[in-house]
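S.K.: Contents of structure19.txt (compact mmCIF, C-alpha atoms and all ligand atoms):
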```txt
# COMPACT_ATOMS: atom_id res chain seq x y z
CA MET D 1 175.95 280.59 106.29
CA ASN D 2 174.43 283.78 104.88
CA LYS D 3 170.94 284.71 105.95
CA ARG D 4 168.22 283.07 103.86
CA ALA D 5 165.77 285.45 102.19
CA TYR D 6 162.19 285.72 103.41
CA ASN D 7 161.04 283.97 100.26
CA PHE D 8 157.42 284.50 99.17
CA ASN D 9 157.97 283.61 95.53
CA ALA D 10 154.98 282.15 93.71
CA GLY D 11 156.95 279.49 91.84
CA PRO D 12 159.61 278.27 91.72
CA ALA D 13 159.29 278.77 95.43
CA ALA D 14 160.97 278.19 98.77
CA LEU D 15 162.22 274.69 99.54
CA PRO D 16 162.79 273.35 103.05
CA LEU D 17 166.26 274.31 104.23
CA THR D 18 166.86 270.81 105.62
CA VAL D 19 166.14 269.36 102.18
CA LEU D 20 168.61 271.70 100.52
CA GLU D 21 171.24 270.84 103.11
CA ARG D 22 170.72 267.10 102.73
CA ALA D 23 170.91 267.41 98.97
CA GLN D 24 174.10 269.40 99.36
CA ALA D 25 175.62 266.77 101.63
CA GLU D 26 175.07 263.98 99.11
CA PHE D 27 175.41 266.08 95.98
CA VAL D 28 178.85 265.00 94.75
CA ASP D 29 178.81 261.37 95.84
CA PHE D 30 175.33 259.88 95.93
CA ARG D 31 175.03 256.71 98.02
CA GLU D 32 178.72 255.95 97.56
CA SER D 33 178.38 255.64 93.80
CA GLY D 34 181.24 258.04 93.15
CA MET D 35 178.93 260.34 91.22
CA SER D 36 175.93 262.60 91.68
CA ILE D 37 172.44 261.36 90.94
CA MET D 38 172.46 263.55 87.83
CA GLU D 39 175.38 261.66 86.35
CA MET D 40 174.08 258.10 86.58
CA SER D 41 171.87 255.99 84.35
CA HIS D 42 168.17 256.30 84.94
CA ARG D 43 168.00 252.56 84.31
CA GLY D 44 170.39 251.72 87.13
CA ALA D 45 169.41 250.31 90.53
CA ILE D 46 170.21 253.49 92.48
CA TYR D 47 168.12 255.87 90.43
CA GLU D 48 165.28 253.38 90.10
CA SER D 49 165.08 252.95 93.86
CA VAL D 50 164.76 256.74 94.32
CA HIS D 51 162.13 256.90 91.56
CA ASN D 52 160.04 254.09 93.06
CA GLU D 53 160.48 255.40 96.59
CA ALA D 54 159.16 258.83 95.58
CA GLN D 55 156.05 257.25 94.02
CA GLU D 56 155.41 255.06 97.05
CA ARG D 57 155.98 257.88 99.50
CA LEU D 58 153.57 260.16 97.66
CA LEU D 59 150.82 257.53 97.70
CA SER D 60 151.56 256.76 101.34
CA LEU D 61 151.19 260.44 102.32
CA LEU D 62 147.85 260.39 100.51
CA GLY D 63 146.67 257.38 102.50
CA ASN D 64 147.54 254.69 99.93
CA PRO D 65 144.38 255.02 97.85
CA LYS D 66 143.59 251.77 96.00
CA GLY D 67 143.95 251.57 92.23
CA TYR D 68 145.98 254.76 91.75
CA LYS D 69 149.31 255.17 90.04
CA VAL D 70 151.85 258.01 90.18
CA LEU D 71 153.48 259.24 86.99
CA PHE D 72 156.44 261.58 86.69
CA VAL D 73 156.22 263.54 83.46
CA GLN D 74 157.76 266.68 82.02
CA GLY D 75 156.53 269.86 80.38
CA GLY D 76 154.96 271.27 83.52
CA ALA D 77 151.31 271.43 84.48
CA SER D 78 150.87 273.33 81.23
CA THR D 79 151.55 270.15 79.25
CA GLN D 80 148.87 268.41 81.30
CA PHE D 81 146.42 271.07 80.13
CA ALA D 82 146.87 269.52 76.66
CA MET D 83 147.47 265.87 77.58
CA ILE D 84 144.25 265.57 79.57
CA PRO D 85 141.90 266.43 76.70
CA MET D 86 144.08 264.62 74.13
CA ASN D 87 143.94 261.41 76.13
CA LEU D 88 140.54 261.50 77.73
CA ILE D 89 138.09 263.20 75.36
CA SER D 90 136.55 260.84 72.79
CA GLU D 91 134.65 261.79 69.64
CA GLY D 92 131.50 263.71 70.54
CA GLN D 93 132.65 264.51 74.07
CA VAL D 94 133.90 267.63 75.81
CA GLY D 95 135.81 268.43 78.98
CA SER D 96 133.81 270.43 81.54
CA TYR D 97 135.79 273.15 83.31
CA VAL D 98 135.11 275.16 86.43
CA MET D 99 136.34 278.63 85.58
CA THR D 100 137.98 280.01 88.71
CA GLY D 101 140.69 282.23 87.29
CA SER D 102 143.86 282.45 85.22
CA TRP D 103 145.00 278.82 85.44
CA ALA D 104 141.56 277.32 84.89
CA ASP D 105 141.30 279.51 81.82
CA LYS D 106 144.58 278.20 80.41
CA ALA D 107 143.47 274.61 80.94
CA PHE D 108 140.11 275.34 79.32
CA LYS D 109 141.72 276.92 76.26
CA GLU D 110 143.87 273.84 75.60
CA ALA D 111 140.82 271.58 75.80
CA LYS D 112 139.08 273.83 73.31
CA LEU D 113 141.97 273.29 70.90
CA VAL D 114 142.24 269.53 71.10
CA GLY D 115 138.89 268.15 72.15
CA GLY D 116 136.11 270.42 73.15
CA ALA D 117 135.52 272.49 76.25
CA HIS D 118 132.46 273.40 78.26
CA VAL D 119 132.06 275.81 81.17
CA ALA D 120 130.64 273.92 84.16
CA ALA D 121 130.52 277.09 86.31
CA SER D 122 132.36 280.38 86.42
CA SER D 123 133.15 283.16 88.86
CA GLU D 124 134.21 285.54 86.13
CA ASP D 125 131.30 287.84 87.02
CA LYS D 126 133.02 288.30 90.39
CA LYS D 127 136.41 288.86 88.74
CA PHE D 128 137.42 285.44 90.10
CA VAL D 129 137.64 286.53 93.72
CA ALA D 130 135.49 283.57 94.78
CA ILE D 131 135.12 279.86 94.04
CA PRO D 132 131.68 279.16 92.48
CA GLU D 133 129.06 277.56 94.76
CA LEU D 134 129.49 273.79 94.51
CA SER D 135 125.77 273.40 93.83
CA SER D 136 126.10 275.61 90.72
CA ILE D 137 128.68 273.34 89.09
CA LYS D 138 127.15 271.26 86.30
CA ALA D 139 129.17 269.13 83.92
CA ALA D 140 127.90 268.76 80.35
CA ASP D 141 125.89 265.63 79.52
CA ASN D 142 128.64 264.61 77.10
CA ALA D 143 131.51 265.52 79.44
CA ALA D 144 134.45 263.13 79.63
CA TYR D 145 135.53 264.67 82.94
CA LEU D 146 135.04 267.64 85.25
CA HIS D 147 138.14 269.79 85.72
CA VAL D 148 138.86 272.06 88.68
CA THR D 149 141.85 274.18 89.70
CA SER D 150 142.01 273.50 93.42
CA ASN D 151 144.01 276.65 94.14
CA GLU D 152 144.17 279.69 91.85
CA THR D 153 147.71 280.86 92.41
CA ILE D 154 147.26 284.30 90.87
CA GLU D 155 143.89 285.35 92.34
CA GLY D 156 144.49 283.64 95.70
CA THR D 157 141.38 281.47 95.91
CA GLN D 158 141.08 277.81 96.89
CA PHE D 159 138.37 275.18 96.92
CA ALA D 160 137.46 274.36 100.53
CA GLU D 161 135.53 271.30 99.33
CA PHE D 162 135.29 269.67 95.93
CA PRO D 163 132.28 269.12 93.69
CA ASP D 164 130.85 265.66 93.16
CA ALA D 165 131.43 264.77 89.51
CA GLY D 166 129.05 261.82 89.61
CA SER D 167 129.98 259.07 87.17
CA ILE D 168 132.72 260.99 85.34
CA PRO D 169 136.21 261.54 86.74
CA LEU D 170 136.97 264.70 88.70
CA ILE D 171 140.35 266.05 87.60
CA ALA D 172 142.20 268.63 89.68
CA ASP D 173 145.13 270.89 88.87
CA MET D 174 146.73 271.01 92.33
CA SER D 175 149.96 272.66 91.18
CA SER D 176 149.89 275.28 93.90
CA ASP D 177 148.33 273.39 96.81
CA ILE D 178 149.13 269.70 96.49
CA LEU D 179 149.90 268.15 99.90
CA CYS D 180 148.96 271.34 101.77
CA ARG D 181 146.17 269.50 103.63
CA PRO D 182 144.67 266.03 103.88
CA ILE D 183 142.34 265.17 100.98
CA ASP D 184 140.33 262.13 100.03
CA VAL D 185 142.02 261.02 96.81
CA ASN D 186 139.12 258.69 96.02
CA GLN D 187 137.07 261.75 95.05
CA PHE D 188 139.40 262.30 92.12
CA GLY D 189 140.05 260.46 88.90
CA MET D 190 143.24 262.44 88.45
CA ILE D 191 145.34 264.99 90.33
CA TYR D 192 148.28 266.73 88.71
CA ALA D 193 150.83 269.29 89.78
CA GLY D 194 154.00 270.92 88.54
CA ALA D 195 156.51 270.31 91.34
CA GLN D 196 157.92 273.79 91.72
CA LYS D 197 155.44 275.17 94.25
CA ASN D 198 154.83 272.53 96.89
CA LEU D 199 156.83 269.47 95.87
CA GLY D 200 160.34 270.37 94.82
CA PRO D 201 162.18 272.08 91.99
CA SER D 202 160.76 272.62 88.51
CA GLY D 203 161.31 270.00 85.85
CA VAL D 204 158.96 267.27 87.00
CA THR D 205 155.18 267.13 87.00
CA VAL D 206 153.33 264.64 89.14
CA VAL D 207 150.19 262.88 87.92
CA ILE D 208 148.26 260.75 90.41
CA ALA D 209 145.43 258.94 88.68
CA LYS D 210 143.15 255.96 88.67
CA GLU D 211 144.87 253.28 86.65
CA GLU D 212 141.89 252.91 84.32
CA LEU D 213 142.48 256.49 83.06
CA LEU D 214 146.11 255.74 82.31
CA ALA D 215 146.21 252.19 81.00
CA GLU D 216 144.67 252.81 77.57
CA SER D 217 145.25 255.93 75.47
CA PRO D 218 144.32 256.83 71.90
CA SER D 219 146.87 255.49 69.42
CA ASN D 220 146.53 258.50 67.11
CA ILE D 221 148.33 260.89 69.46
CA PRO D 222 152.13 261.10 69.73
CA THR D 223 153.65 258.33 71.85
CA ILE D 224 155.15 260.67 74.44
CA MET D 225 151.79 262.41 74.92
CA ARG D 226 149.95 259.19 75.82
CA TYR D 227 149.38 258.44 79.48
CA SER D 228 149.61 254.75 78.61
CA THR D 229 153.24 255.21 77.48
CA HIS D 230 154.26 256.58 80.87
CA TYR D 231 152.03 254.14 82.75
CA LYS D 232 153.37 251.03 81.03
CA ASN D 233 156.97 252.14 81.42
CA ASN D 234 156.77 253.28 85.05
CA SER D 235 157.56 256.84 83.88
CA LEU D 236 160.85 255.61 82.44
CA TYR D 237 159.90 255.56 78.76
CA ASN D 238 162.42 258.30 78.16
CA THR D 239 164.99 259.93 80.44
CA PRO D 240 163.19 261.32 83.49
CA PRO D 241 164.22 264.57 85.20
CA SER D 242 166.19 262.52 87.70
CA PHE D 243 167.47 265.28 89.96
CA SER D 244 163.98 266.78 90.27
CA VAL D 245 162.47 263.40 91.15
CA TYR D 246 165.17 262.90 93.78
CA MET D 247 164.36 266.32 95.25
CA VAL D 248 160.64 265.52 95.31
CA ASN D 249 161.45 262.37 97.29
CA GLU D 250 163.42 264.45 99.79
CA VAL D 251 160.58 266.99 100.12
CA LEU D 252 158.15 264.12 100.71
CA LYS D 253 160.41 262.81 103.49
CA TRP D 254 160.36 266.27 105.01
CA ILE D 255 156.54 266.34 104.87
CA GLU D 256 156.48 263.03 106.74
CA GLU D 257 158.71 264.59 109.38
CA GLN D 258 156.27 267.50 109.75
CA GLY D 259 153.56 265.06 110.82
CA GLY D 260 152.27 264.24 107.35
CA LEU D 261 149.42 266.16 105.77
CA ALA D 262 147.60 266.83 109.05
CA GLY D 263 150.77 268.31 110.53
CA ILE D 264 151.41 270.39 107.43
CA GLN D 265 147.82 271.62 107.36
CA SER D 266 147.89 272.92 110.92
CA LYS D 267 151.12 274.80 110.20
CA ASN D 268 149.63 276.21 106.98
CA LEU D 269 146.46 277.34 108.77
CA GLU D 270 148.56 279.07 111.38
CA LYS D 271 150.65 280.89 108.76
CA ALA D 272 147.67 281.94 106.63
CA GLY D 273 145.69 282.96 109.73
CA LEU D 274 148.46 285.26 110.84
CA LEU D 275 148.42 287.19 107.55
CA TYR D 276 144.66 287.26 107.03
CA ASP D 277 144.05 288.37 110.63
CA HIS D 278 146.53 291.13 110.11
CA ILE D 279 144.90 292.22 106.85
CA ASP D 280 141.39 292.11 108.35
CA GLY D 281 142.48 294.03 111.44
CA SER D 282 144.25 296.82 109.54
CA ASP D 283 141.21 299.16 109.28
CA GLY D 284 141.32 298.96 105.51
CA PHE D 285 145.00 299.81 105.17
CA TYR D 286 145.36 296.34 103.67
CA SER D 287 142.40 294.58 102.05
CA GLY D 288 142.12 290.93 101.06
CA VAL D 289 141.37 290.22 97.39
CA ALA D 290 139.53 286.90 97.74
CA GLU D 291 136.16 286.52 99.43
CA LYS D 292 136.70 285.11 102.90
CA SER D 293 135.10 281.72 102.23
CA SER D 294 137.29 281.23 99.14
CA ARG D 295 140.59 282.38 100.57
CA SER D 296 143.70 280.38 99.74
CA ILE D 297 146.00 279.20 102.51
CA MET D 298 148.83 279.12 99.94
CA ASN D 299 148.63 282.46 98.11
CA VAL D 300 147.53 285.43 100.19
CA THR D 301 146.50 288.21 97.81
CA PHE D 302 145.86 291.72 99.11
CA ARG D 303 145.74 295.32 98.05
CA MET D 304 146.44 298.73 99.48
CA GLN D 305 144.63 302.01 98.84
CA SER D 306 146.76 302.98 95.85
CA GLU D 307 149.21 301.43 93.43
CA GLU D 308 151.70 304.03 94.52
CA LEU D 309 151.49 302.78 98.12
CA GLU D 310 151.78 299.17 96.91
CA LYS D 311 154.95 300.05 95.01
CA ARG D 312 156.41 301.68 98.11
CA PHE D 313 155.47 298.62 100.15
CA VAL D 314 157.26 296.23 97.78
CA LYS D 315 160.37 298.46 97.72
CA ALA D 316 160.52 298.83 101.48
CA ALA D 317 159.96 295.09 101.91
CA GLU D 318 162.78 294.27 99.51
CA LEU D 319 165.17 296.37 101.56
CA GLU D 320 164.25 294.24 104.58
CA GLY D 321 164.93 290.95 102.76
CA PHE D 322 161.39 290.06 101.65
CA VAL D 323 161.23 288.55 98.18
CA GLY D 324 158.32 287.90 95.81
CA LEU D 325 155.56 290.07 97.28
CA LYS D 326 154.48 291.74 94.06
CA GLY D 327 151.18 290.43 92.69
CA HIS D 328 151.11 288.66 89.32
CA ARG D 329 151.46 291.17 86.48
CA SER D 330 148.00 290.25 85.17
CA VAL D 331 146.17 291.34 88.35
CA GLY D 332 148.56 293.65 90.19
CA GLY D 333 148.34 294.18 93.93
CA LEU D 334 150.34 292.13 96.40
CA ARG D 335 150.72 288.43 96.99
CA ALA D 336 152.50 286.41 99.64
CA SER D 337 152.91 282.81 98.53
CA ILE D 338 153.21 280.77 101.71
CA TYR D 339 153.63 277.23 100.46
CA ASN D 340 154.41 274.30 102.75
CA ALA D 341 158.13 275.06 102.87
CA VAL D 342 157.80 278.74 103.82
CA PRO D 343 158.70 278.77 107.51
CA TYR D 344 156.45 280.31 110.15
CA GLU D 345 159.31 282.68 111.00
CA SER D 346 159.16 284.22 107.51
CA VAL D 347 155.43 284.76 107.79
CA LYS D 348 155.76 286.24 111.28
CA ALA D 349 158.48 288.57 110.01
CA LEU D 350 156.18 289.66 107.16
CA SER D 351 153.30 290.27 109.53
CA ASP D 352 155.59 292.38 111.73
CA PHE D 353 156.81 294.27 108.67
CA MET D 354 153.23 294.93 107.52
CA ASN D 355 152.44 296.27 110.95
CA HIS D 356 155.47 298.52 110.97
CA PHE D 357 154.74 299.79 107.46
CA ARG D 358 151.19 300.64 108.44
CA GLN D 359 152.30 302.47 111.60
CA THR D 360 154.84 304.54 109.71
CA GLN D 361 153.10 305.07 106.35
CA GLY D 362 149.42 304.91 107.24
C1 LIG D 401 152.13 277.37 88.25
C2 LIG D 401 150.86 276.75 87.86
C3 LIG D 401 150.69 276.10 86.63
C4 LIG D 401 151.75 276.08 85.56
O1 LIG D 401 152.71 275.17 85.85
P1 LIG D 401 153.94 274.92 84.85
O2 LIG D 401 154.60 273.77 85.54
O3 LIG D 401 154.75 276.16 84.81
O4 LIG D 401 153.39 274.55 83.54
C5 LIG D 401 149.47 275.52 86.37
N1 LIG D 401 148.47 275.55 87.26
C6 LIG D 401 148.58 276.19 88.44
C7 LIG D 401 147.44 276.20 89.39
C8 LIG D 401 149.79 276.80 88.78
O5 LIG D 401 149.91 277.42 89.96
```
As structure tokens, please, write out the structure in this file.
M.R.:
Amino acid sequence: MNKRAYNFNAGPAALPLTVLERAQAEFVDFRESGMSIMEMSHRGAIYESVHNEAQERLLSLLGNPKGYKVLFVQGGASTQFAMIPMNLISEGQVGSYVMTGSWADKAFKEAKLVGGAHVAASSEDKKFVAIPELSSIKAADNAAYLHVTSNETIEGTQFAEFPDAGSIPLIADMSSDILCRPIDVNQFGMIYAGAQKNLGPSGVTVVIAKEELLAESPSNIPTIMRYSTHYKNNSLYNTPPSFSVYMVNEVLKWIEEQGGLAGIQSKNLEKAGLLYDHIDGSDGFYSGVAEKSSRSIMNVTFRMQSEELEKRFVKAAELEGFVGLKGHRSVGGLRASIYNAVPYESVKALSDFMNHFRQTQG
């Protein structure tokens, strides 16, 4: 087999090699059906068992929280930005948003369009390099929910702990850090994530929510946009992205094999620590973008003294097989996305490369 790239893509992102190999092995003839999972009915026993298994496995990895249901929907996390306010904001209410960066801003703007949006706290004054102090986060009196972006993929910040939303549901966009560490799901009314960073390929979005938020939806919004439609039909109202759901199930199996969320977390801390230690110990050759207490263990953002040097870094890295190190076009700089499936070896190779580049170019 050809050498796999050192893949630091932000999303779609690296998948575990063992998952890809297993999928390859059963690609053409899935469970002796004589066809691939993409070619069979989503109403048949084989697909339904995969679908249900993926839901159960996800809840099991999260400690089987009581009263929660998993939905598989489409349209990415971006569609959730609209579905959440459409479904959950009633007349006279708003959604309260913690403004932490680019993704929080997109979610906020959708709520503004379809319901009403309020800023519960913001770190814009710090150019989003930090998560606001939890004590500064205040939902509006008429808030239907408090929304956070647990990990800002572009700026490279992450909530270490979550705010207490009191009597309203706390909703988290966990697209870029779901299942990267153990969490207490009971803190949240709803968690959602596009699969393509930590869960599988693109095409499916996972919603984990308290059943009471899903069971009843406004009847004046389109059927497909109602949570209740997906809830009542076990996410089989229309054709699901069956191959993506199958892949998510395989990634979840892989997470179990890594020792569940505690096992994954210790590996993630080790990987992130390696890069941040290197950045901090580089005498300013590399500098971290996020404030230390807000650093993400998924997206390591850093800069060099000049854009010219950053360009040379990316070019030299590409020649050595490193992919995806350029920062998002909106913020520039450099970013190494080190999601669950990025192996330690890739991160170690990057750290060695950074060292070599500094020795030779510094
Ligand atoms: C990637 C990402 C999104 C967008 O996801 P899509 O599935 O492309 O809509 C939203 N939120 C966060 C935090 C992300 O990282």
S.K.: Can you tell me, as a ChimeraX atom specification, what residues are no more than 12 Å from D:Arg31 when counting all atoms listed in the file, ignoring any on the same chain fewer than 4 positions away?
M.R.: /D:23,25-27,35-37,40,45-47,49-50
S.K.: Please return as a ChimeraX atom specification the residues found within 9 Å of ligand LIG 401 (chain D), counting all atoms listed in the file.
M.R.: /D:10-12,74-81,102-104,106-107,149-154,173-177,192-197,202-205
S.K.: Separation of atom CA of D:Glu21 and atom CA of D:Asn9, in Å?
M.R.: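 If I compute the distance from atom CA of D:Glu21 to atom CA of D:Asn9, I get 19.9 Å.
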S.K.: In Å, with one decimal, what is the gap from atom CA of D:Leu71 to atom CA of D:Val207?
M.R.: 5.0 Å
S.K.: To one decimal place in Å, what is the distance between atom CA of D:Glu291 and atom CA of D:Gly327?
M.R.: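 We find that atom CA of D:Glu291 and atom CA of D:Gly327 lie 16.9 Å from each other.
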S.K.: Please tell me which residues are no farther than 6 Å from (159.5, 257.0, 84.2) in the file, counting only C-alpha atoms, and write them as a tab-separated table (two decimals) with C-alpha atoms, keeping the file's coordinate frame.
M.R.:
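The resulting file, point.tsv, is reproduced below:
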```tsv
chain	number	residue	atom	x	y	z
D	234	ASN	CA	156.77	253.28	85.05
D	235	SER	CA	157.56	256.84	83.88
D	236	LEU	CA	160.85	255.61	82.44
D	237	TYR	CA	159.90	255.56	78.76
D	240	PRO	CA	163.19	261.32	83.49
```
S.K.: Give me, as an MDAnalysis selection string, all polymer residues having an atom no more than 10 Å from stretch 358-361 of chain D, counting all atoms listed in the file and skipping those fewer than 3 positions away in the same chain.
M.R.: chainID D and resid 282 285:286 309 312:313 352:355
S.K.: Return the single residue from D:Phe322, D:Gly333, D:Ala316, D:Glu211 that is closest to D:Lys3, with distances computed using all atoms listed in the file.
M.R.: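 Answer, going by the shortest atom-to-atom distance: D:Phe322.
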S.K.: Counting all atoms listed in the file, I want the residues whose atoms come within 8 Å of (138.4, 260.9, 75.7) in the file frame, returned as a list in words.
M.R.: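 Checking each residue against the 8 Å limit leaves Pro85, Met86, Asn87, Leu88, Ile89, Ser90, Glu91, Gln93 and Ala144 of chain D.
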S.K.: Go through D:Val206, D:Leu59, D:Phe188, D:Glu270 one by one, measure the shortest atom-to-atom distance of each to D:Glu345 using only C-alpha atoms, and give the residue with the smallest value.
M.R.: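 For D:Glu345, the nearest of the given residues is D:Glu270.
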S.K.: Given the choices D:Val347, D:Leu62, D:Ala117, D:Ile224, which gets closest to D:Gly92 if the distance is worked out from only C-alpha atoms?
M.R.: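 Smallest distance to D:Gly92 is found for D:Ala117.
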S.K.: Using only C-alpha atoms, which of the listed residues (D:Ser33, D:Ser293, D:Ser228, D:Asn186) sits closest to D:Asn64?
M.R.: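 Of the candidates, the smallest distance to D:Asn64 is held by D:Asn186.
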S.K.: For each of D:Phe30, D:Ala5, D:Gly166, D:Thr18, take the minimum atom-to-atom distance to D:Val251, counting all atoms listed in the file, then give the residue where this is smallest.
M.R.: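 When distances to D:Val251 are compared using all atoms listed in the file, the smallest one comes from D:Thr18.
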S.K.: Check the smallest atom-to-atom distance from each of D:Tyr344, D:Ser244, D:Asp283, D:Leu113 to D:Phe72 using only C-alpha atoms, then report the winner.
M.R.: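 For D:Phe72, the nearest of the given residues is D:Ser244.
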